[in-house]
Number of protein chains: 2
Amino acid sequence: MRIGELSRETGVAVPTIKYYVREKLLPAGRLTSPNQASYDDTHVRRLRLIRGLMDVGGLSVSAVREVLAAVDSPGPVHEVLGAAQDAITPPVTARPAGMEEARRAVLELLRRRGWCIEPAHPSVEAIAVALAAFRGFGHGEFEEVLDAYAAACERIAVADLAFVGRHAEVDGIVESVVIGTVLGDAVLTAMRRLAHMDASARRYGEEGREAGEGAREVSGGPDTPS
Amino acid sequence: MRIGELSRETGVAVPTIKYYVREKLLPAGRLTSPNQASYDDTHVRRLRLIRGLMDVGGLSVSAVREVLAAVDSPGPVHEVLGAAQDAITPPVTARPAGMEEARRAVLELLRRRGWCIEPAHPSVEAIAVALAAFRGFGHGEFEEVLDAYAAACERIAVADLAFVGRHAEVDGIVESVVIGTVLGDAVLTAMRRLAHMDASARRYGEEGREAGEGAREVSGGPDTPS
DNA sequence: AGTTATGGATAGTGGCGCTCTCTGCTATCT
DNA sequence: AGATAGCAGAGAGCGCCACTATCCATAACT
């Protein structure tokens with residue numbers, strides 16, 4: 001297919017496709033003549049992946065470039081995944097006070113839960129930054145809920161891994177995990193919002209009506225564990 | 001205190017503070033003379049909140065402005081929280097195919113779990129967009145893990161609510177929830193990364209070393225039938 | 001007295017994600 | 001054969017954003 005068709009197929013404007021090719025997000029088409037190139041469905045897939053990462057995951061062009069480089073690189077699956085995650089995760093810029101203590105709390109959590117993580121992992125730092133920032137508000141210690149978050153993440157990770165194991169062909173595993181990570185982030189944060197709204201509606205939304213039924217259904221609700 | 005001290009206290013450059021005042025993120029100091037103003041710890045708090053939202057939460061200046069407007073506005077707690085969440089949540093731009101079906105799946109999930117959410121909530125749309133985008137990759141249906149995510153979010157919401165209930169004074173509830181939402185997002189996504197890395201290390205990381213203790217604690221090794 | 005800090009304002013910076021334009025060509029329709 | 005449309009490649013430009021730099025007159029400290 002030619003570039004116009006690729007554009008129609010994916011909803012991405014032609015100049016934008018050219019831009020992505022220039023920026024090394026998308027491989028160039030196969031030249032059939034000095035000014036004709038043909039594209040196939042690998043380009044369609046790649047383009048959809050790019051737009052998914054950018055639009056849903058909010059990644060920048062350069063972050064997408066890194067992710068794709070990791071996806072395409074050969075190597076041990078575990079290391080490729082690590083590289084992809086590093087590319088997905090935006091670098092931490094904030095430098096709040098009290099980082100050492102926060103970092104210690106995170107490492108302690110990892111030890112407590114038996115997670116096998118290298119201590120210098122960027123996400124460890126990210127959590128520590130958030131913890132340290134939180135402390136600057138005097139709204140209590142976030143550490144109190146860390147275990148709940150960790151337990152939730154364990155269940156999520158199990159579901160994610162089972163899902164990937166169910167569906168990914170071997171050569172598509174990394175791409176599958178990347179998509180799942182980025183889109184899963186979006187789903188997870190949005191769903192947390194909904195859970196908050198539901199809880200808030202039950203807790204604070206009764207100001208006109210009587211506070212009654214359902215007010216404590218939250219903690220006992222219809223659990224359907226994986 | 002004067003602006004220089006405020007700057008030193010918070011680590012925000014003086015011109016940046018002025019910029020925030022111009023942009024209505026921060027109230028101006030109380031003028032003690034035509035070119036002298038004094039700031040107090042409400043400014044320190046507010047400034048830290050701004051930087052937390054921007055640096056850790058990745059919010060834009062205009063989003064922060066909206067959040068702060070919601071935080072400051074009087075009204076029923078539940079509505080204020082809704083406004084704050086709308087401000088926190090970046091608008092969805094992508095328009096993938098298959099939205100109707102995805103939206104139906106989300107609403108079905110809400111019904112199934114008994115969540116009390118208005119169907120037009122932005123986060124519902126956000127989840128639907130992610131679902132629809134996911135389908136464009138042929139990596140299986142994300143709906144399979146939605147329930148696991150929802151169950152995890154219920155637990156998280158319970159922990160969050162309990163935390164807020166434990167610590168927030170009445171007039172600071174909204175601020176507390178906003179901080180918890182934004183920083184909690186950061187913590188949650190980072191922790192999900194760690195859980196993934198842990199699971200991936202157990203599942204794929206044994207390629208050079210012998211598969212030893214812990215290697216089959218996650219899902220039982222390379223079976224995972226489709 | 002002199003250095004430094006301040007409020008207020010305007011203009012400028014660098015990065016980002018496109019988008020537009022241009023040139024020279026080719027493919028296809030009539 | 002001529003007209004029309006599309007394409008490749010490359011560069012310039014645009015609009016937004018979060019700051020940042022500079023300027024000025026005044027006030028504060030030492």
# chains A, B, ... in the order shown; residues from 1 in each chain; ligands from 1

$ residues_around --residues "DT23 in chain C" --least-positions-apart "6" --cutoff "12 Å" --atoms "only C-alpha atoms (C1' of nucleotides)" --output "PyMOL selection string"
chain D and resi 7-11

$ write_last_selection --atoms "all heavy atoms" --output "mmCIF file, in the first residue's frame"
data_model
loop_
_atom_site.group_PDB
_atom_site.id
_atom_site.type_symbol
_atom_site.label_atom_id
_atom_site.label_comp_id
_atom_site.auth_asym_id
_atom_site.auth_seq_id
_atom_site.Cartn_x
_atom_site.Cartn_y
_atom_site.Cartn_z
ATOM 1 P P DC D 7 -0.030 9.106 -2.095
ATOM 2 O OP1 DC D 7 -0.221 7.712 -1.654
ATOM 3 O OP2 DC D 7 -0.441 10.253 -1.266
ATOM 4 O "O5'" DC D 7 1.495 9.302 -2.450
ATOM 5 C "C5'" DC D 7 2.163 8.323 -3.237
ATOM 6 C "C4'" DC D 7 3.612 8.714 -3.354
ATOM 7 O "O4'" DC D 7 3.700 9.931 -4.108
ATOM 8 C "C3'" DC D 7 4.260 9.002 -2.000
ATOM 9 O "O3'" DC D 7 5.204 7.989 -1.723
ATOM 10 C "C2'" DC D 7 4.917 10.377 -2.157
ATOM 11 C "C1'" DC D 7 4.820 10.660 -3.651
ATOM 12 N N1 DC D 7 4.583 12.100 -3.995
ATOM 13 C C2 DC D 7 5.594 12.834 -4.587
ATOM 14 O O2 DC D 7 6.686 12.296 -4.813
ATOM 15 N N3 DC D 7 5.363 14.130 -4.897
ATOM 16 C C4 DC D 7 4.179 14.683 -4.639
ATOM 17 N N4 DC D 7 3.997 15.963 -4.971
ATOM 18 C C5 DC D 7 3.134 13.937 -4.029
ATOM 19 C C6 DC D 7 3.375 12.655 -3.720
ATOM 20 P P DA D 8 5.891 7.920 -0.366
ATOM 21 O OP1 DA D 8 6.131 6.495 -0.055
ATOM 22 O OP2 DA D 8 5.155 8.770 0.584
ATOM 23 O "O5'" DA D 8 7.281 8.602 -0.683
ATOM 24 C "C5'" DA D 8 8.176 7.978 -1.593
ATOM 25 C "C4'" DA D 8 9.476 8.766 -1.666
ATOM 26 O "O4'" DA D 8 9.201 10.054 -2.261
ATOM 27 C "C3'" DA D 8 10.115 9.032 -0.303
ATOM 28 O "O3'" DA D 8 11.500 8.728 -0.383
ATOM 29 C "C2'" DA D 8 9.870 10.519 -0.063
ATOM 30 C "C1'" DA D 8 9.706 11.098 -1.455
ATOM 31 N N9 DA D 8 8.710 12.167 -1.548
ATOM 32 C C8 DA D 8 7.410 12.114 -1.136
ATOM 33 N N7 DA D 8 6.745 13.214 -1.361
ATOM 34 C C5 DA D 8 7.662 14.058 -1.955
ATOM 35 C C6 DA D 8 7.574 15.375 -2.438
ATOM 36 N N6 DA D 8 6.459 16.110 -2.383
ATOM 37 N N1 DA D 8 8.682 15.927 -2.994
ATOM 38 C C2 DA D 8 9.804 15.188 -3.041
ATOM 39 N N3 DA D 8 10.001 13.932 -2.624
ATOM 40 C C4 DA D 8 8.887 13.420 -2.086
ATOM 41 P P DG D 9 12.316 8.459 0.903
ATOM 42 O OP1 DG D 9 13.344 7.451 0.591
ATOM 43 O OP2 DG D 9 11.381 8.260 2.014
ATOM 44 O "O5'" DG D 9 13.045 9.861 1.128
ATOM 45 C "C5'" DG D 9 13.744 10.454 0.043
ATOM 46 C "C4'" DG D 9 13.984 11.920 0.322
ATOM 47 O "O4'" DG D 9 12.777 12.670 0.043
ATOM 48 C "C3'" DG D 9 14.352 12.241 1.773
ATOM 49 O "O3'" DG D 9 15.631 12.850 1.774
ATOM 50 C "C2'" DG D 9 13.262 13.202 2.242
ATOM 51 C "C1'" DG D 9 12.730 13.764 0.932
ATOM 52 N N9 DG D 9 11.357 14.238 0.980
ATOM 53 C C8 DG D 9 10.266 13.557 1.472
ATOM 54 N N7 DG D 9 9.158 14.234 1.372
ATOM 55 C C5 DG D 9 9.534 15.437 0.786
ATOM 56 C C6 DG D 9 8.761 16.578 0.444
ATOM 57 O O6 DG D 9 7.546 16.744 0.587
ATOM 58 N N1 DG D 9 9.549 17.573 -0.129
ATOM 59 C C2 DG D 9 10.890 17.489 -0.332
ATOM 60 N N2 DG D 9 11.473 18.545 -0.894
ATOM 61 N N3 DG D 9 11.625 16.438 -0.017
ATOM 62 C C4 DG D 9 10.891 15.453 0.541
ATOM 63 P P DA D 10 16.431 13.033 3.148
ATOM 64 O OP1 DA D 10 17.846 12.673 2.882
ATOM 65 O OP2 DA D 10 15.705 12.375 4.261
ATOM 66 O "O5'" DA D 10 16.349 14.607 3.339
ATOM 67 C "C5'" DA D 10 16.538 15.464 2.214
ATOM 68 C "C4'" DA D 10 16.059 16.849 2.564
ATOM 69 O "O4'" DA D 10 14.630 16.945 2.343
ATOM 70 C "C3'" DA D 10 16.299 17.229 4.024
ATOM 71 O "O3'" DA D 10 17.052 18.426 4.093
ATOM 72 C "C2'" DA D 10 14.905 17.395 4.599
ATOM 73 C "C1'" DA D 10 14.096 17.760 3.353
ATOM 74 N N9 DA D 10 12.676 17.457 3.498
ATOM 75 C C8 DA D 10 12.127 16.309 3.995
ATOM 76 N N7 DA D 10 10.814 16.320 4.030
ATOM 77 C C5 DA D 10 10.483 17.567 3.528
ATOM 78 C C6 DA D 10 9.247 18.191 3.304
ATOM 79 N N6 DA D 10 8.077 17.626 3.573
ATOM 80 N N1 DA D 10 9.267 19.443 2.774
ATOM 81 C C2 DA D 10 10.438 20.010 2.508
ATOM 82 N N3 DA D 10 11.668 19.514 2.669
ATOM 83 C C4 DA D 10 11.618 18.280 3.192
ATOM 84 P P DG D 11 17.602 18.931 5.516
ATOM 85 O OP1 DG D 11 19.062 19.035 5.422
ATOM 86 O OP2 DG D 11 16.976 18.120 6.576
ATOM 87 O "O5'" DG D 11 17.010 20.404 5.607
ATOM 88 C "C5'" DG D 11 16.809 21.141 4.406
ATOM 89 C "C4'" DG D 11 15.769 22.211 4.639
ATOM 90 O "O4'" DG D 11 14.445 21.634 4.582
ATOM 91 C "C3'" DG D 11 15.878 22.890 6.011
ATOM 92 O "O3'" DG D 11 15.734 24.294 5.838
ATOM 93 C "C2'" DG D 11 14.718 22.290 6.797
ATOM 94 C "C1'" DG D 11 13.695 22.076 5.695
ATOM 95 N N9 DG D 11 12.711 21.044 6.006
ATOM 96 C C8 DG D 11 12.952 19.773 6.462
ATOM 97 N N7 DG D 11 11.857 19.082 6.657
ATOM 98 C C5 DG D 11 10.844 19.956 6.319
ATOM 99 C C6 DG D 11 9.441 19.774 6.331
ATOM 100 O O6 DG D 11 8.800 18.770 6.662
ATOM 101 N N1 DG D 11 8.769 20.923 5.901
ATOM 102 C C2 DG D 11 9.366 22.087 5.516
ATOM 103 N N2 DG D 11 8.571 23.086 5.143
ATOM 104 N N3 DG D 11 10.685 22.266 5.498
ATOM 105 C C4 DG D 11 11.354 21.167 5.909
#

$ select_by_dssp --residues "range 15-194 of chain A" --states "strand (DSSP E)" --output "ChimeraX atom specification"
/A:30-33,36-38

$ write_last_selection --atoms "all heavy atoms" --output "PDB file, in the first residue's frame"
ATOM      1  N   ARG A  30       9.316   0.390   1.557  1.00  0.00           N
ATOM      2  CA  ARG A  30      10.229  -0.204   0.567  1.00  0.00           C
ATOM      3  C   ARG A  30      10.079   0.581  -0.730  1.00  0.00           C
ATOM      4  O   ARG A  30       8.989   0.667  -1.298  1.00  0.00           O
ATOM      5  CB  ARG A  30       9.864  -1.676   0.367  1.00  0.00           C
ATOM      6  CG  ARG A  30      10.850  -2.474  -0.477  1.00  0.00           C
ATOM      7  CD  ARG A  30      10.428  -3.938  -0.532  1.00  0.00           C
ATOM      8  NE  ARG A  30       8.987  -4.061  -0.828  1.00  0.00           N
ATOM      9  CZ  ARG A  30       8.475  -4.038  -2.069  1.00  0.00           C
ATOM     10  NH1 ARG A  30       9.267  -3.928  -3.103  1.00  0.00           N
ATOM     11  NH2 ARG A  30       7.172  -4.147  -2.247  1.00  0.00           N
ATOM     12  N   LEU A  31      11.167   1.156  -1.184  1.00  0.00           N
ATOM     13  CA  LEU A  31      11.108   1.984  -2.381  1.00  0.00           C
ATOM     14  C   LEU A  31      10.892   1.117  -3.618  1.00  0.00           C
ATOM     15  O   LEU A  31      11.644   0.184  -3.879  1.00  0.00           O
ATOM     16  CB  LEU A  31      12.408   2.777  -2.534  1.00  0.00           C
ATOM     17  CG  LEU A  31      12.527   4.079  -1.748  1.00  0.00           C
ATOM     18  CD1 LEU A  31      13.838   4.765  -2.072  1.00  0.00           C
ATOM     19  CD2 LEU A  31      11.372   4.998  -2.054  1.00  0.00           C
ATOM     20  N   THR A  32       9.866   1.440  -4.373  1.00  0.00           N
ATOM     21  CA  THR A  32       9.627   0.724  -5.628  1.00  0.00           C
ATOM     22  C   THR A  32      10.093   1.570  -6.803  1.00  0.00           C
ATOM     23  O   THR A  32      10.228   1.079  -7.915  1.00  0.00           O
ATOM     24  CB  THR A  32       8.137   0.413  -5.792  1.00  0.00           C
ATOM     25  OG1 THR A  32       7.400   1.641  -5.794  1.00  0.00           O
ATOM     26  CG2 THR A  32       7.651  -0.458  -4.652  1.00  0.00           C
ATOM     27  N   SER A  33      10.292   2.824  -6.585  1.00  0.00           N
ATOM     28  CA  SER A  33      10.866   3.724  -7.574  1.00  0.00           C
ATOM     29  C   SER A  33      11.344   4.933  -6.780  1.00  0.00           C
ATOM     30  O   SER A  33      11.037   5.052  -5.594  1.00  0.00           O
ATOM     31  CB  SER A  33       9.819   4.099  -8.625  1.00  0.00           C
ATOM     32  OG  SER A  33       8.841   4.937  -8.062  1.00  0.00           O
ATOM     33  N   GLN A  36       8.411   6.398  -4.989  1.00  0.00           N
ATOM     34  CA  GLN A  36       7.277   5.557  -4.599  1.00  0.00           C
ATOM     35  C   GLN A  36       7.765   4.536  -3.588  1.00  0.00           C
ATOM     36  O   GLN A  36       8.816   3.935  -3.775  1.00  0.00           O
ATOM     37  CB  GLN A  36       6.701   4.819  -5.804  1.00  0.00           C
ATOM     38  CG  GLN A  36       5.923   5.719  -6.743  1.00  0.00           C
ATOM     39  CD  GLN A  36       4.627   6.193  -6.147  1.00  0.00           C
ATOM     40  OE1 GLN A  36       3.792   5.398  -5.760  1.00  0.00           O
ATOM     41  NE2 GLN A  36       4.470   7.510  -6.032  1.00  0.00           N
ATOM     42  N   ALA A  37       6.994   4.381  -2.547  1.00  0.00           N
ATOM     43  CA  ALA A  37       7.349   3.374  -1.556  1.00  0.00           C
ATOM     44  C   ALA A  37       6.097   2.605  -1.206  1.00  0.00           C
ATOM     45  O   ALA A  37       4.985   3.125  -1.320  1.00  0.00           O
ATOM     46  CB  ALA A  37       7.940   4.014  -0.307  1.00  0.00           C
ATOM     47  N   SER A  38       6.269   1.371  -0.821  1.00  0.00           N
ATOM     48  CA  SER A  38       5.099   0.585  -0.439  1.00  0.00           C
ATOM     49  C   SER A  38       5.212   0.178   1.026  1.00  0.00           C
ATOM     50  O   SER A  38       6.303  -0.119   1.525  1.00  0.00           O
ATOM     51  CB  SER A  38       4.972  -0.650  -1.336  1.00  0.00           C
ATOM     52  OG  SER A  38       5.887  -1.637  -0.926  1.00  0.00           O
TER      53      SER A  38
END

$ residues_around --residues "Lys24 in chain B" --least-positions-apart "6" --cutoff "10 Å" --atoms "only C-alpha atoms (C1' of nucleotides)" --output "PyMOL selection string"
chain B and resi 18+61-62+64-65+68-69

$ interface_residues --of "chain C" --to "chain B" --cutoff "9 Å" --atoms "only C-alpha atoms (C1' of nucleotides)" --output "list in words"
DA5, DT6, DG7 and DG8 of chain C

$ write_last_selection --atoms "all heavy atoms" --output "tab-separated table (two decimals), in the first residue's frame"
chain	number	residue	atom	x	y	z
C	5	DA	P	20.67	39.37	47.51
C	5	DA	OP1	20.76	38.14	48.30
C	5	DA	OP2	20.94	39.37	46.06
C	5	DA	O5'	19.21	39.99	47.73
C	5	DA	C5'	18.73	40.25	49.05
C	5	DA	C4'	17.32	40.77	48.98
C	5	DA	O4'	17.32	42.11	48.43
C	5	DA	C3'	16.38	39.95	48.11
C	5	DA	O3'	15.18	39.74	48.84
C	5	DA	C2'	16.17	40.80	46.87
C	5	DA	C1'	16.35	42.21	47.42
C	5	DA	N9	16.86	43.20	46.45
C	5	DA	C8	17.99	43.10	45.71
C	5	DA	N7	18.21	44.14	44.93
C	5	DA	C5	17.14	44.97	45.18
C	5	DA	C6	16.77	46.23	44.68
C	5	DA	N6	17.50	46.90	43.78
C	5	DA	N1	15.63	46.79	45.14
C	5	DA	C2	14.91	46.11	46.05
C	5	DA	N3	15.15	44.93	46.60
C	5	DA	C4	16.29	44.41	46.12
C	6	DT	P	13.98	38.97	48.21
C	6	DT	OP1	13.23	38.33	49.30
C	6	DT	OP2	14.46	38.19	47.06
C	6	DT	O5'	13.09	40.15	47.65
C	6	DT	C5'	12.40	41.01	48.56
C	6	DT	C4'	11.53	41.96	47.76
C	6	DT	O4'	12.38	42.78	46.94
C	6	DT	C3'	10.59	41.24	46.80
C	6	DT	O3'	9.27	41.35	47.29
C	6	DT	C2'	10.78	41.97	45.46
C	6	DT	C1'	11.65	43.16	45.80
C	6	DT	N1	12.65	43.53	44.76
C	6	DT	C2	12.50	44.73	44.10
C	6	DT	O2	11.58	45.51	44.32
C	6	DT	N3	13.48	44.99	43.16
C	6	DT	C4	14.56	44.20	42.83
C	6	DT	O4	15.37	44.53	41.98
C	6	DT	C5	14.63	42.96	43.56
C	6	DT	C7	15.76	42.01	43.29
C	6	DT	C6	13.69	42.68	44.48
C	7	DG	P	8.14	40.49	46.61
C	7	DG	OP1	7.16	40.15	47.66
C	7	DG	OP2	8.75	39.43	45.79
C	7	DG	O5'	7.47	41.55	45.63
C	7	DG	C5'	6.86	42.70	46.18
C	7	DG	C4'	6.36	43.60	45.06
C	7	DG	O4'	7.49	44.09	44.29
C	7	DG	C3'	5.42	42.92	44.06
C	7	DG	O3'	4.32	43.79	43.83
C	7	DG	C2'	6.29	42.72	42.82
C	7	DG	C1'	7.29	43.86	42.92
C	7	DG	N9	8.61	43.58	42.36
C	7	DG	C8	9.39	42.48	42.60
C	7	DG	N7	10.54	42.52	41.98
C	7	DG	C5	10.53	43.71	41.29
C	7	DG	C6	11.51	44.28	40.43
C	7	DG	O6	12.61	43.84	40.13
C	7	DG	N1	11.09	45.51	39.92
C	7	DG	C2	9.89	46.10	40.21
C	7	DG	N2	9.66	47.27	39.63
C	7	DG	N3	8.96	45.57	41.00
C	7	DG	C4	9.34	44.38	41.51
C	8	DG	P	3.06	43.29	43.12
C	8	DG	OP1	1.92	44.10	43.61
C	8	DG	OP2	3.02	41.83	43.20
C	8	DG	O5'	3.33	43.71	41.59
C	8	DG	C5'	3.50	45.08	41.27
C	8	DG	C4'	4.01	45.21	39.86
C	8	DG	O4'	5.41	44.83	39.82
C	8	DG	C3'	3.31	44.31	38.83
C	8	DG	O3'	2.60	45.11	37.92
C	8	DG	C2'	4.46	43.56	38.15
C	8	DG	C1'	5.68	44.38	38.52
C	8	DG	N9	6.93	43.62	38.56
C	8	DG	C8	7.17	42.47	39.26
C	8	DG	N7	8.38	42.02	39.11
C	8	DG	C5	8.98	42.93	38.24
C	8	DG	C6	10.29	42.96	37.70
C	8	DG	O6	11.21	42.17	37.88
C	8	DG	N1	10.48	44.05	36.86
C	8	DG	C2	9.52	44.99	36.58
C	8	DG	N2	9.88	45.98	35.75
C	8	DG	N3	8.30	44.98	37.08
C	8	DG	C4	8.09	43.91	37.90

$ atom_distance --atom1 "CA of Val14 in chain A" --atom2 "CA of Ala84 in chain A"
27.6 Å
